[in-house]
$ cat final-v4.pdb   # PDB, C-alpha atoms, pLDDT in the B column
ATOM      1  CA  MET U 935     -84.531 -57.271  71.003  1.00 57.00           C
ATOM      2  CA  SER U 936     -86.333 -60.004  69.016  1.00 89.00           C
ATOM      3  CA  ASN U 937     -83.287 -60.331  66.754  1.00 94.00           C
ATOM      4  CA  SER U 938     -80.959 -61.218  69.627  1.00 94.00           C
ATOM      5  CA  LYS U 939     -83.593 -63.559  71.062  1.00 95.00           C
ATOM      6  CA  ASN U 940     -83.771 -65.399  67.760  1.00 96.00           C
ATOM      7  CA  VAL U 941     -80.000 -65.785  67.665  1.00 97.00           C
ATOM      8  CA  GLU U 942     -79.963 -67.213  71.175  1.00 96.00           C
ATOM      9  CA  ALA U 943     -82.913 -69.487  70.318  1.00 96.00           C
ATOM     10  CA  PHE U 944     -80.857 -70.811  67.425  1.00 97.00           C
ATOM     11  CA  ASN U 945     -78.001 -71.426  69.857  1.00 97.00           C
ATOM     12  CA  ARG U 946     -80.309 -73.481  72.079  1.00 96.00           C
ATOM     13  CA  LEU U 947     -81.538 -75.467  69.089  1.00 96.00           C
ATOM     14  CA  ILE U 948     -77.935 -76.287  68.162  1.00 96.00           C
ATOM     15  CA  GLY U 949     -77.369 -77.413  71.745  1.00 95.00           C
ATOM     16  CA  ILE U 950     -80.257 -79.863  71.512  1.00 93.00           C
ATOM     17  CA  CYS U 951     -78.971 -81.239  68.211  1.00 93.00           C
ATOM     18  CA  THR U 952     -75.473 -81.594  69.663  1.00 93.00           C
ATOM     19  CA  GLY U 953     -76.931 -83.505  72.587  1.00 92.00           C
ATOM     20  CA  TYR U 954     -78.347 -86.110  70.234  1.00 89.00           C
ATOM     21  CA  GLY U 955     -74.806 -87.106  69.315  1.00 85.00           C
ATOM     22  CA  GLY U 956     -74.362 -89.209  66.212  1.00 86.00           C
ATOM     23  CA  THR U 957     -78.078 -89.970  66.111  1.00 92.00           C
ATOM     24  CA  TYR U 958     -78.706 -86.526  64.638  1.00 92.00           C
ATOM     25  CA  SER U 959     -77.058 -87.012  61.251  1.00 90.00           C
ATOM     26  CA  PRO U 960     -78.949 -85.135  58.513  1.00 93.00           C
ATOM     27  CA  GLY U 961     -78.103 -85.721  54.874  1.00 90.00           C
ATOM     28  CA  SER U 962     -78.035 -81.996  54.039  1.00 94.00           C
ATOM     29  CA  PRO U 963     -74.609 -80.551  54.942  1.00 94.00           C
ATOM     30  CA  ASN U 964     -76.105 -77.185  55.941  1.00 95.00           C
ATOM     31  CA  LEU U 965     -78.183 -78.892  58.664  1.00 95.00           C
ATOM     32  CA  ARG U 966     -75.257 -80.643  60.332  1.00 95.00           C
ATOM     33  CA  VAL U 967     -74.063 -79.363  63.687  1.00 95.00           C
ATOM     34  CA  GLU U 968     -70.786 -77.957  62.391  1.00 96.00           C
ATOM     35  CA  SER U 969     -72.636 -75.964  59.708  1.00 97.00           C
ATOM     36  CA  LEU U 970     -75.178 -74.733  62.244  1.00 97.00           C
ATOM     37  CA  SER U 971     -72.370 -73.587  64.533  1.00 97.00           C
ATOM     38  CA  GLU U 972     -70.780 -71.653  61.677  1.00 97.00           C
ATOM     39  CA  LEU U 973     -74.102 -69.979  60.896  1.00 98.00           C
ATOM     40  CA  LEU U 974     -74.465 -69.064  64.562  1.00 98.00           C
ATOM     41  CA  SER U 975     -71.029 -67.429  64.511  1.00 98.00           C
ATOM     42  CA  GLN U 976     -72.016 -65.446  61.428  1.00 98.00           C
ATOM     43  CA  ALA U 977     -75.258 -64.349  63.089  1.00 97.00           C
ATOM     44  CA  ARG U 978     -73.460 -63.153  66.212  1.00 98.00           C
ATOM     45  CA  ALA U 979     -70.901 -61.316  64.083  1.00 98.00           C
ATOM     46  CA  VAL U 980     -73.567 -59.484  62.073  1.00 97.00           C
ATOM     47  CA  MET U 981     -75.397 -58.566  65.280  1.00 97.00           C
ATOM     48  CA  HIS U 982     -72.150 -57.134  66.628  1.00 98.00           C
ATOM     49  CA  ARG U 983     -71.674 -55.089  63.451  1.00 98.00           C
ATOM     50  CA  VAL U 984     -75.148 -53.595  63.902  1.00 97.00           C
ATOM     51  CA  SER U 985     -74.288 -52.706  67.502  1.00 97.00           C
ATOM     52  CA  ILE U 986     -71.081 -50.975  66.423  1.00 98.00           C
ATOM     53  CA  ALA U 987     -72.871 -49.122  63.613  1.00 98.00           C
ATOM     54  CA  LYS U 988     -75.647 -48.009  65.975  1.00 97.00           C
ATOM     55  CA  THR U 989     -73.091 -46.648  68.435  1.00 97.00           C
ATOM     56  CA  GLY U 990     -71.414 -44.758  65.599  1.00 97.00           C
ATOM     57  CA  TYR U 991     -74.761 -43.328  64.529  1.00 96.00           C
ATOM     58  CA  GLU U 992     -75.642 -42.250  68.065  1.00 97.00           C
ATOM     59  CA  THR U 993     -72.238 -40.619  68.521  1.00 97.00           C
ATOM     60  CA  ALA U 994     -72.538 -38.714  65.235  1.00 96.00           C
ATOM     61  CA  THR U 995     -76.061 -37.486  65.944  1.00 94.00           C
ATOM     62  CA  ASN U 996     -75.176 -36.492  69.509  1.00 95.00           C
ATOM     63  CA  GLU U 997     -72.149 -34.512  68.356  1.00 94.00           C
ATOM     64  CA  ARG U 998     -74.208 -32.808  65.662  1.00 93.00           C
ATOM     65  CA  GLU U 999     -76.913 -31.873  68.131  1.00 92.00           C
ATOM     66  CA  VAL U1000     -74.364 -30.236  70.437  1.00 92.00           C
ATOM     67  CA  ALA U1001     -72.818 -28.321  67.529  1.00 91.00           C
ATOM     68  CA  PHE U1002     -76.149 -27.008  66.302  1.00 91.00           C
ATOM     69  CA  VAL U1003     -77.320 -25.978  69.772  1.00 90.00           C
ATOM     70  CA  GLU U1004     -74.163 -23.864  70.017  1.00 92.00           C
ATOM     71  CA  ILE U1005     -74.906 -22.233  66.646  1.00 94.00           C
ATOM     72  CA  ARG U1006     -78.469 -21.378  67.640  1.00 90.00           C
ATOM     73  CA  GLN U1007     -77.147 -19.685  70.769  1.00 90.00           C
ATOM     74  CA  LEU U1008     -74.361 -17.964  68.865  1.00 96.00           C
ATOM     75  CA  ALA U1009     -76.735 -16.565  66.234  1.00 96.00           C
ATOM     76  CA  SER U1010     -78.454 -14.300  68.758  1.00 94.00           C
ATOM     77  CA  ARG U1011     -75.110 -12.895  69.906  1.00 96.00           C
ATOM     78  CA  ILE U1012     -74.145 -12.202  66.291  1.00 97.00           C
ATOM     79  CA  LEU U1013     -77.344 -10.237  65.772  1.00 97.00           C
ATOM     80  CA  VAL U1014     -76.767  -8.112  68.877  1.00 96.00           C
ATOM     81  CA  GLU U1015     -73.200  -7.418  67.771  1.00 97.00           C
ATOM     82  CA  LEU U1016     -74.427  -6.359  64.320  1.00 97.00           C
ATOM     83  CA  LYS U1017     -77.034  -4.025  65.793  1.00 96.00           C
ATOM     84  CA  SER U1018     -74.354  -2.349  67.900  1.00 96.00           C
ATOM     85  CA  THR U1019     -72.341  -1.386  64.794  1.00 95.00           C
ATOM     86  CA  GLY U1020     -74.948   1.054  63.485  1.00 93.00           C
ATOM     87  CA  ALA U1021     -75.562  -1.049  60.368  1.00 95.00           C
ATOM     88  CA  LEU U1022     -78.472  -0.147  58.121  1.00 95.00           C
ATOM     89  CA  PRO U1023     -81.879  -1.290  59.428  1.00 95.00           C
ATOM     90  CA  GLN U1024     -82.325  -3.322  56.236  1.00 95.00           C
ATOM     91  CA  THR U1025     -79.079  -5.196  56.905  1.00 96.00           C
ATOM     92  CA  VAL U1026     -80.118  -5.870  60.480  1.00 96.00           C
ATOM     93  CA  ALA U1027     -83.510  -7.063  59.253  1.00 97.00           C
ATOM     94  CA  ASP U1028     -81.854  -9.476  56.788  1.00 96.00           C
ATOM     95  CA  ALA U1029     -79.650 -10.856  59.557  1.00 97.00           C
ATOM     96  CA  ALA U1030     -82.574 -11.097  61.990  1.00 96.00           C
ATOM     97  CA  LEU U1031     -84.525 -13.196  59.494  1.00 96.00           C
ATOM     98  CA  MET U1032     -81.652 -15.659  59.215  1.00 96.00           C
ATOM     99  CA  VAL U1033     -81.314 -15.782  62.999  1.00 96.00           C
ATOM    100  CA  ARG U1034     -85.019 -16.564  63.369  1.00 94.00           C
ATOM    101  CA  LYS U1035     -84.697 -19.396  60.890  1.00 93.00           C
ATOM    102  CA  ILE U1036     -81.536 -20.711  62.551  1.00 93.00           C
ATOM    103  CA  ARG U1037     -83.213 -20.719  65.943  1.00 90.00           C
ATOM    104  CA  GLY U1038     -86.417 -22.167  64.511  1.00 81.00           C
ATOM    105  CA  ARG U1039     -88.796 -19.659  66.083  1.00 49.00           C
ATOM    106  CA  VAL U1040     -89.755 -16.008  65.905  1.00 40.00           C
ATOM    107  CA  LEU U1041     -87.725 -13.815  68.253  1.00 38.00           C
ATOM    108  CA  ALA U1042     -90.684 -11.773  69.462  1.00 40.00           C
ATOM    109  CA  LYS U1043     -90.796  -9.475  72.448  1.00 42.00           C
ATOM    110  CA  LYS U1044     -92.396 -10.951  75.522  1.00 39.00           C
ATOM    111  CA  PRO U1045     -95.956  -9.578  75.834  1.00 38.00           C
ATOM    112  CA  ALA U1046     -96.754  -7.318  78.742  1.00 41.00           C
ATOM    113  CA  VAL U1047     -98.320  -9.181  81.667  1.00 35.00           C
ATOM    114  CA  THR U1048    -101.935  -8.244  82.244  1.00 35.00           C
ATOM    115  CA  GLU U1049    -104.854  -9.915  83.960  1.00 38.00           C
ATOM    116  CA  VAL U1050    -105.974 -11.144  80.534  1.00 33.00           C
ATOM    117  CA  SER U1051    -102.589 -12.354  79.257  1.00 35.00           C
ATOM    118  CA  GLU U1052    -101.837 -14.183  82.518  1.00 35.00           C
ATOM    119  CA  ALA U1053    -104.925 -16.292  81.955  1.00 35.00           C
ATOM    120  CA  MET U1054    -104.099 -17.008  78.324  1.00 32.00           C
ATOM    121  CA  GLN U1055    -101.410 -19.183  76.819  1.00 38.00           C
ATOM    122  CA  VAL U1056     -99.142 -17.099  74.608  1.00 35.00           C
ATOM    123  CA  SER U1057     -98.248 -18.945  71.391  1.00 38.00           C
ATOM    124  CA  ARG U1058     -95.038 -18.343  69.433  1.00 37.00           C
ATOM    125  CA  PRO U1059     -95.270 -18.777  65.654  1.00 38.00           C
ATOM    126  CA  ARG U1060     -92.812 -21.256  64.256  1.00 43.00           C
ATOM    127  CA  VAL U1061     -90.462 -20.558  61.358  1.00 40.00           C
ATOM    128  CA  THR U1062     -90.012 -23.388  58.889  1.00 40.00           C
ATOM    129  CA  GLY U1063     -86.619 -24.608  57.749  1.00 40.00           C
ATOM    130  CA  SER U1064     -85.110 -25.379  61.148  1.00 47.00           C
ATOM    131  CA  ASP U1065     -83.807 -28.815  60.143  1.00 86.00           C
ATOM    132  CA  PHE U1066     -80.051 -29.373  60.167  1.00 90.00           C
ATOM    133  CA  ASP U1067     -79.419 -28.813  56.462  1.00 90.00           C
ATOM    134  CA  SER U1068     -81.474 -25.631  56.485  1.00 91.00           C
ATOM    135  CA  VAL U1069     -79.636 -24.311  59.526  1.00 93.00           C
ATOM    136  CA  VAL U1070     -76.359 -24.697  57.627  1.00 95.00           C
ATOM    137  CA  TYR U1071     -77.812 -22.781  54.681  1.00 95.00           C
ATOM    138  CA  HIS U1072     -79.191 -19.973  56.859  1.00 96.00           C
ATOM    139  CA  PHE U1073     -75.977 -19.712  58.860  1.00 97.00           C
ATOM    140  CA  GLU U1074     -73.986 -19.395  55.636  1.00 97.00           C
ATOM    141  CA  LYS U1075     -76.356 -16.639  54.480  1.00 97.00           C
ATOM    142  CA  LEU U1076     -75.921 -14.871  57.827  1.00 97.00           C
ATOM    143  CA  ILE U1077     -72.134 -14.947  57.407  1.00 97.00           C
ATOM    144  CA  GLU U1078     -72.457 -13.500  53.901  1.00 97.00           C
ATOM    145  CA  THR U1079     -74.533 -10.642  55.330  1.00 97.00           C
ATOM    146  CA  LEU U1080     -71.812  -9.960  57.884  1.00 97.00           C
ATOM    147  CA  ILE U1081     -69.076 -10.013  55.253  1.00 97.00           C
ATOM    148  CA  ALA U1082     -70.988  -7.445  53.214  1.00 96.00           C
ATOM    149  CA  GLU U1083     -71.226  -5.118  56.230  1.00 96.00           C
ATOM    150  CA  PRO U1084     -67.893  -3.233  56.624  1.00 96.00           C
ATOM    151  CA  ARG U1085     -68.888  -2.013  60.090  1.00 96.00           C
ATOM    152  CA  TYR U1086     -69.111  -5.550  61.445  1.00 97.00           C
ATOM    153  CA  VAL U1087     -65.664  -5.863  63.060  1.00 96.00           C
ATOM    154  CA  PRO U1088     -66.230  -7.552  66.441  1.00 96.00           C
ATOM    155  CA  GLY U1089     -63.490  -7.650  69.033  1.00 94.00           C
ATOM    156  CA  ILE U1090     -64.730 -10.960  70.422  1.00 92.00           C
ATOM    157  CA  GLY U1091     -62.967 -13.854  68.710  1.00 94.00           C
ATOM    158  CA  ASP U1092     -65.905 -16.267  68.403  1.00 94.00           C
ATOM    159  CA  LEU U1093     -68.009 -13.598  66.658  1.00 97.00           C
ATOM    160  CA  GLN U1094     -65.414 -12.779  64.021  1.00 97.00           C
ATOM    161  CA  VAL U1095     -66.135 -13.845  60.454  1.00 97.00           C
ATOM    162  CA  ALA U1096     -63.120 -16.156  60.180  1.00 97.00           C
ATOM    163  CA  THR U1097     -64.219 -18.062  63.282  1.00 97.00           C
ATOM    164  CA  LEU U1098     -67.806 -18.245  62.046  1.00 97.00           C
ATOM    165  CA  GLN U1099     -66.611 -19.691  58.748  1.00 97.00           C
ATOM    166  CA  GLN U1100     -64.743 -22.389  60.672  1.00 97.00           C
ATOM    167  CA  LYS U1101     -67.934 -23.186  62.569  1.00 96.00           C
ATOM    168  CA  LEU U1102     -69.839 -23.382  59.281  1.00 96.00           C
ATOM    169  CA  HIS U1103     -67.313 -25.920  58.021  1.00 96.00           C
ATOM    170  CA  ALA U1104     -67.691 -27.893  61.269  1.00 95.00           C
ATOM    171  CA  LEU U1105     -71.472 -27.961  60.853  1.00 95.00           C
ATOM    172  CA  ARG U1106     -71.136 -29.361  57.355  1.00 95.00           C
ATOM    173  CA  LYS U1107     -68.732 -32.028  58.584  1.00 95.00           C
ATOM    174  CA  ALA U1108     -71.137 -32.915  61.401  1.00 94.00           C
ATOM    175  CA  ASN U1109     -73.923 -33.395  58.860  1.00 94.00           C
ATOM    176  CA  GLU U1110     -71.658 -35.500  56.642  1.00 95.00           C
ATOM    177  CA  LYS U1111     -70.740 -37.730  59.590  1.00 96.00           C
ATOM    178  CA  VAL U1112     -74.411 -38.367  60.318  1.00 95.00           C
ATOM    179  CA  VAL U1113     -75.097 -39.216  56.675  1.00 94.00           C
ATOM    180  CA  THR U1114     -72.183 -41.660  56.649  1.00 96.00           C
ATOM    181  CA  ALA U1115     -73.228 -43.188  59.978  1.00 97.00           C
ATOM    182  CA  THR U1116     -76.835 -43.510  58.813  1.00 96.00           C
ATOM    183  CA  THR U1117     -75.724 -45.344  55.677  1.00 97.00           C
ATOM    184  CA  GLY U1118     -73.479 -47.645  57.694  1.00 97.00           C
ATOM    185  CA  LEU U1119     -76.255 -48.498  60.124  1.00 97.00           C
ATOM    186  CA  GLY U1120     -78.696 -49.147  57.300  1.00 96.00           C
ATOM    187  CA  ASN U1121     -76.252 -51.472  55.554  1.00 97.00           C
ATOM    188  CA  ALA U1122     -75.508 -53.355  58.773  1.00 97.00           C
ATOM    189  CA  ARG U1123     -79.208 -53.842  59.477  1.00 96.00           C
ATOM    190  CA  ARG U1124     -79.815 -54.991  55.916  1.00 96.00           C
ATOM    191  CA  ASP U1125     -77.058 -57.607  56.218  1.00 97.00           C
ATOM    192  CA  ARG U1126     -78.406 -58.718  59.607  1.00 97.00           C
ATOM    193  CA  ASN U1127     -81.959 -59.087  58.326  1.00 96.00           C
ATOM    194  CA  ALA U1128     -80.803 -61.048  55.294  1.00 97.00           C
ATOM    195  CA  LEU U1129     -78.790 -63.498  57.403  1.00 97.00           C
ATOM    196  CA  LEU U1130     -81.421 -63.892  60.112  1.00 96.00           C
ATOM    197  CA  TYR U1131     -84.606 -63.932  58.026  1.00 96.00           C
ATOM    198  CA  PHE U1132     -84.549 -63.491  54.252  1.00 94.00           C
ATOM    199  CA  SER U1133     -81.606 -65.255  52.590  1.00 95.00           C
ATOM    200  CA  PRO U1134     -82.088 -68.871  51.418  1.00 93.00           C
ATOM    201  CA  GLY U1135     -79.868 -70.136  54.239  1.00 94.00           C
ATOM    202  CA  SER U1136     -81.096 -67.688  56.886  1.00 96.00           C
ATOM    203  CA  VAL U1137     -81.111 -68.544  60.568  1.00 97.00           C
ATOM    204  CA  LYS U1138     -84.890 -68.727  60.740  1.00 95.00           C
ATOM    205  CA  LYS U1139     -85.292 -70.871  57.613  1.00 96.00           C
ATOM    206  CA  THR U1140     -82.472 -73.156  58.743  1.00 97.00           C
ATOM    207  CA  ALA U1141     -84.037 -73.502  62.205  1.00 96.00           C
ATOM    208  CA  LEU U1142     -87.330 -74.577  60.634  1.00 96.00           C
ATOM    209  CA  ALA U1143     -85.489 -77.143  58.496  1.00 96.00           C
ATOM    210  CA  VAL U1144     -83.646 -78.444  61.565  1.00 96.00           C
ATOM    211  CA  LYS U1145     -86.930 -78.961  63.420  1.00 95.00           C
ATOM    212  CA  GLN U1146     -88.316 -80.873  60.436  1.00 95.00           C
ATOM    213  CA  GLN U1147     -85.159 -82.959  60.297  1.00 94.00           C
ATOM    214  CA  VAL U1148     -85.503 -83.828  63.989  1.00 95.00           C
ATOM    215  CA  LYS U1149     -89.074 -84.982  63.378  1.00 94.00           C
ATOM    216  CA  ALA U1150     -87.915 -87.059  60.414  1.00 94.00           C
ATOM    217  CA  ILE U1151     -85.144 -88.730  62.441  1.00 93.00           C
ATOM    218  CA  PHE U1152     -86.848 -89.236  65.809  1.00 93.00           C
ATOM    219  CA  GLY U1153     -90.544 -89.199  64.914  1.00 92.00           C
ATOM    220  CA  TYR U1154     -93.164 -86.477  64.795  1.00 90.00           C
ATOM    221  CA  SER U1155     -94.389 -87.075  68.384  1.00 90.00           C
ATOM    222  CA  SER U1156     -91.002 -87.882  69.902  1.00 92.00           C
ATOM    223  CA  GLU U1157     -89.613 -86.051  72.908  1.00 92.00           C
ATOM    224  CA  ALA U1158     -86.786 -84.818  70.686  1.00 91.00           C
ATOM    225  CA  ALA U1159     -89.270 -83.209  68.298  1.00 92.00           C
ATOM    226  CA  LYS U1160     -91.220 -81.667  71.187  1.00 93.00           C
ATOM    227  CA  ALA U1161     -88.027 -80.245  72.677  1.00 93.00           C
ATOM    228  CA  ALA U1162     -87.116 -78.657  69.359  1.00 93.00           C
ATOM    229  CA  ASP U1163     -90.621 -77.244  68.908  1.00 93.00           C
ATOM    230  CA  ARG U1164     -90.490 -75.579  72.320  1.00 94.00           C
ATOM    231  CA  ILE U1165     -87.751 -73.287  71.002  1.00 94.00           C
ATOM    232  CA  LYS U1166     -89.652 -70.378  69.486  1.00 93.00           C
ATOM    233  CA  PHE U1167     -88.488 -67.883  66.879  1.00 92.00           C
ATOM    234  CA  THR U1168     -90.225 -64.535  66.598  1.00 89.00           C
ATOM    235  CA  LYS U1169     -91.203 -62.895  63.312  1.00 82.00           C
ATOM    236  CA  TYR U1170     -89.066 -60.186  61.751  1.00 80.00           C
ATOM    237  CA  ARG U1171     -89.892 -56.685  62.924  1.00 71.00           C
ATOM    238  CA  SER U1172     -88.442 -53.699  61.112  1.00 60.00           C
TER     239      SER U1172
END
$ encode --input "final-v4.pdb" --output "structure tokens"
Amino acid sequence: MSNSKNVEAFNRLIGICTGYGGTYSPGSPNLRVESLSELLSQARAVMHRVSIAKTGYETATNEREVAFVEIRQLASRILVELKSTGALPQTVADAALMVRKIRGRVLAKKPAVTEVSEAMQVSRPRVTGSDFDSVVYHFEKLIETLIAEPRYVPGIGDLQVATLQQKLHALRKANEKVVTATTGLGNARRDRNALLYFSPGSVKKTALAVKQQVKAIFGYSSEAAKAADRIKFTKYRS
């Protein structure tokens, strides 16, 4: 929020300078009101680009999250379907390992309830590799296990190998969208930070120069200088 506050503070500073009329007439072209107004427009535009990029990033990550939740739920159904085919125990074990990694936890049986276990918190060991890229890898491996098992011929459409391959492709696309959106947001923020804080003609550096110019024109202790000094700009926060 400090970025938008700084932009609006710059707008107020321009308003004060405009109110001085022809009396505020700095020698440096970049400190004149028309140049300040142009810089303000650029600052608002770059802030808007960050907002658009952030919305794109949020949309991409939300869509990916929904897609991966579906896969984690689907993986358990795939395993049950495979078990029902009479596949070799080793094949089922290979598939079960991938399902555990896709779901991100061990699929253990619920312990029997006793007086002791009711009083104790039951912990579930975690399985590493449950990030999005790893889920794609493990899901692909699960599909390869199914392809190698001739008895895996489900009648349910969303469990069939062709459908699962389509879902694998969708997961990859979802990851790619997030990568693209992340890059876009990073670039937009970089451009915003440069314009507001770090470039030679940044908003903050220009605002400081404007305040100094006001003091030079109207006097260090003048009401004009005090009015300009009352407009505060916050430091950059990443």
$ atom_distance --input "final-v4.pdb" --atom1 "CA of Val1069 in chain U" --atom2 "CA of Phe1002 in chain U"
8.1 Å
$ resolve_selection --input "final-v4.pdb" --expression "the PyMOL selection byres ((chain U and resi 1066) around 9)" --output "PDB file with C-alpha atoms, in the coordinates of the input"
ATOM      1  CA  ARG U 998     -74.208 -32.808  65.662  1.00 93.00           C
ATOM      2  CA  GLU U 999     -76.913 -31.873  68.131  1.00 92.00           C
ATOM      3  CA  PHE U1002     -76.149 -27.008  66.302  1.00 91.00           C
ATOM      4  CA  GLY U1063     -86.619 -24.608  57.749  1.00 40.00           C
ATOM      5  CA  SER U1064     -85.110 -25.379  61.148  1.00 47.00           C
ATOM      6  CA  ASP U1065     -83.807 -28.815  60.143  1.00 86.00           C
ATOM      7  CA  ASP U1067     -79.419 -28.813  56.462  1.00 90.00           C
ATOM      8  CA  SER U1068     -81.474 -25.631  56.485  1.00 91.00           C
ATOM      9  CA  VAL U1069     -79.636 -24.311  59.526  1.00 93.00           C
ATOM     10  CA  VAL U1070     -76.359 -24.697  57.627  1.00 95.00           C
ATOM     11  CA  TYR U1071     -77.812 -22.781  54.681  1.00 95.00           C
ATOM     12  CA  LEU U1105     -71.472 -27.961  60.853  1.00 95.00           C
ATOM     13  CA  ASN U1109     -73.923 -33.395  58.860  1.00 94.00           C
TER      14      ASN U1109
END
$ residues_around --input "final-v4.pdb" --residues "Val1148 in chain U" --least-positions-apart "6" --cutoff "12 Å" --atoms "all atoms listed in the file" --output "count of residues only"
25
$ atom_distance --input "final-v4.pdb" --atom1 "CA of Gln1094 in chain U" --atom2 "CA of Lys1035 in chain U"
20.6 Å
$ closest_residue --input "final-v4.pdb" --among "U:Gly956, U:Lys939, U:Ser971, U:Ser1010" --to "Ile1151 in chain U" --atoms "all atoms listed in the file"
U:Gly956
$ atom_distance --input "final-v4.pdb" --atom1 "CA of Leu1130 in chain U" --atom2 "CA of Thr1116 in chain U"
20.9 Å
$ resolve_selection --input "final-v4.pdb" --expression "the PyMOL selection byres ((chain U and resi 1011-1013) around 8)" --output "NGL selection string"
:U and (1007-1010 or 1014-1017 or 1026 or 1029-1030 or 1033 or 1093)
$ closest_residue --input "final-v4.pdb" --among "U:His1072, U:Arg1037, U:Lys1145, U:Lys1111" --to "Glu992 in chain U" --atoms "only C-alpha atoms"
U:Lys1111
$ residues_around --input "final-v4.pdb" --residues "range 981-987 of chain U" --least-positions-apart "4" --cutoff "12 Å" --atoms "all atoms listed in the file" --output "PyMOL selection string"
chain U and resi 935-942+974-977+991-994+1112+1114-1130
$ closest_residue --input "final-v4.pdb" --among "U:Ile1005, U:Val1087, U:Leu973, U:Leu1076" --to "Gly1020 in chain U" --atoms "all atoms listed in the file"
U:Val1087
$ residues_near_point --input "final-v4.pdb" --point "(-71.4, -24.7, 61.5)" --cutoff "8 Å" --atoms "all atoms listed in the file" --output "list in words"
Ala1001, Phe1002, Ile1005, Val1070, Phe1073, Leu1098, Gln1099, Gln1100, Lys1101, Leu1102, His1103, Ala1104, Leu1105 and Arg1106 of chain U
$ write_last_selection --input "final-v4.pdb" --atoms "C-alpha atoms" --output "PDB file, in the frame of the given file"
ATOM      1  CA  ALA U1001     -72.818 -28.321  67.529  1.00 91.00           C
ATOM      2  CA  PHE U1002     -76.149 -27.008  66.302  1.00 91.00           C
ATOM      3  CA  ILE U1005     -74.906 -22.233  66.646  1.00 94.00           C
ATOM      4  CA  VAL U1070     -76.359 -24.697  57.627  1.00 95.00           C
ATOM      5  CA  PHE U1073     -75.977 -19.712  58.860  1.00 97.00           C
ATOM      6  CA  LEU U1098     -67.806 -18.245  62.046  1.00 97.00           C
ATOM      7  CA  GLN U1099     -66.611 -19.691  58.748  1.00 97.00           C
ATOM      8  CA  GLN U1100     -64.743 -22.389  60.672  1.00 97.00           C
ATOM      9  CA  LYS U1101     -67.934 -23.186  62.569  1.00 96.00           C
ATOM     10  CA  LEU U1102     -69.839 -23.382  59.281  1.00 96.00           C
ATOM     11  CA  HIS U1103     -67.313 -25.920  58.021  1.00 96.00           C
ATOM     12  CA  ALA U1104     -67.691 -27.893  61.269  1.00 95.00           C
ATOM     13  CA  LEU U1105     -71.472 -27.961  60.853  1.00 95.00           C
ATOM     14  CA  ARG U1106     -71.136 -29.361  57.355  1.00 95.00           C
TER      15      ARG U1106
END
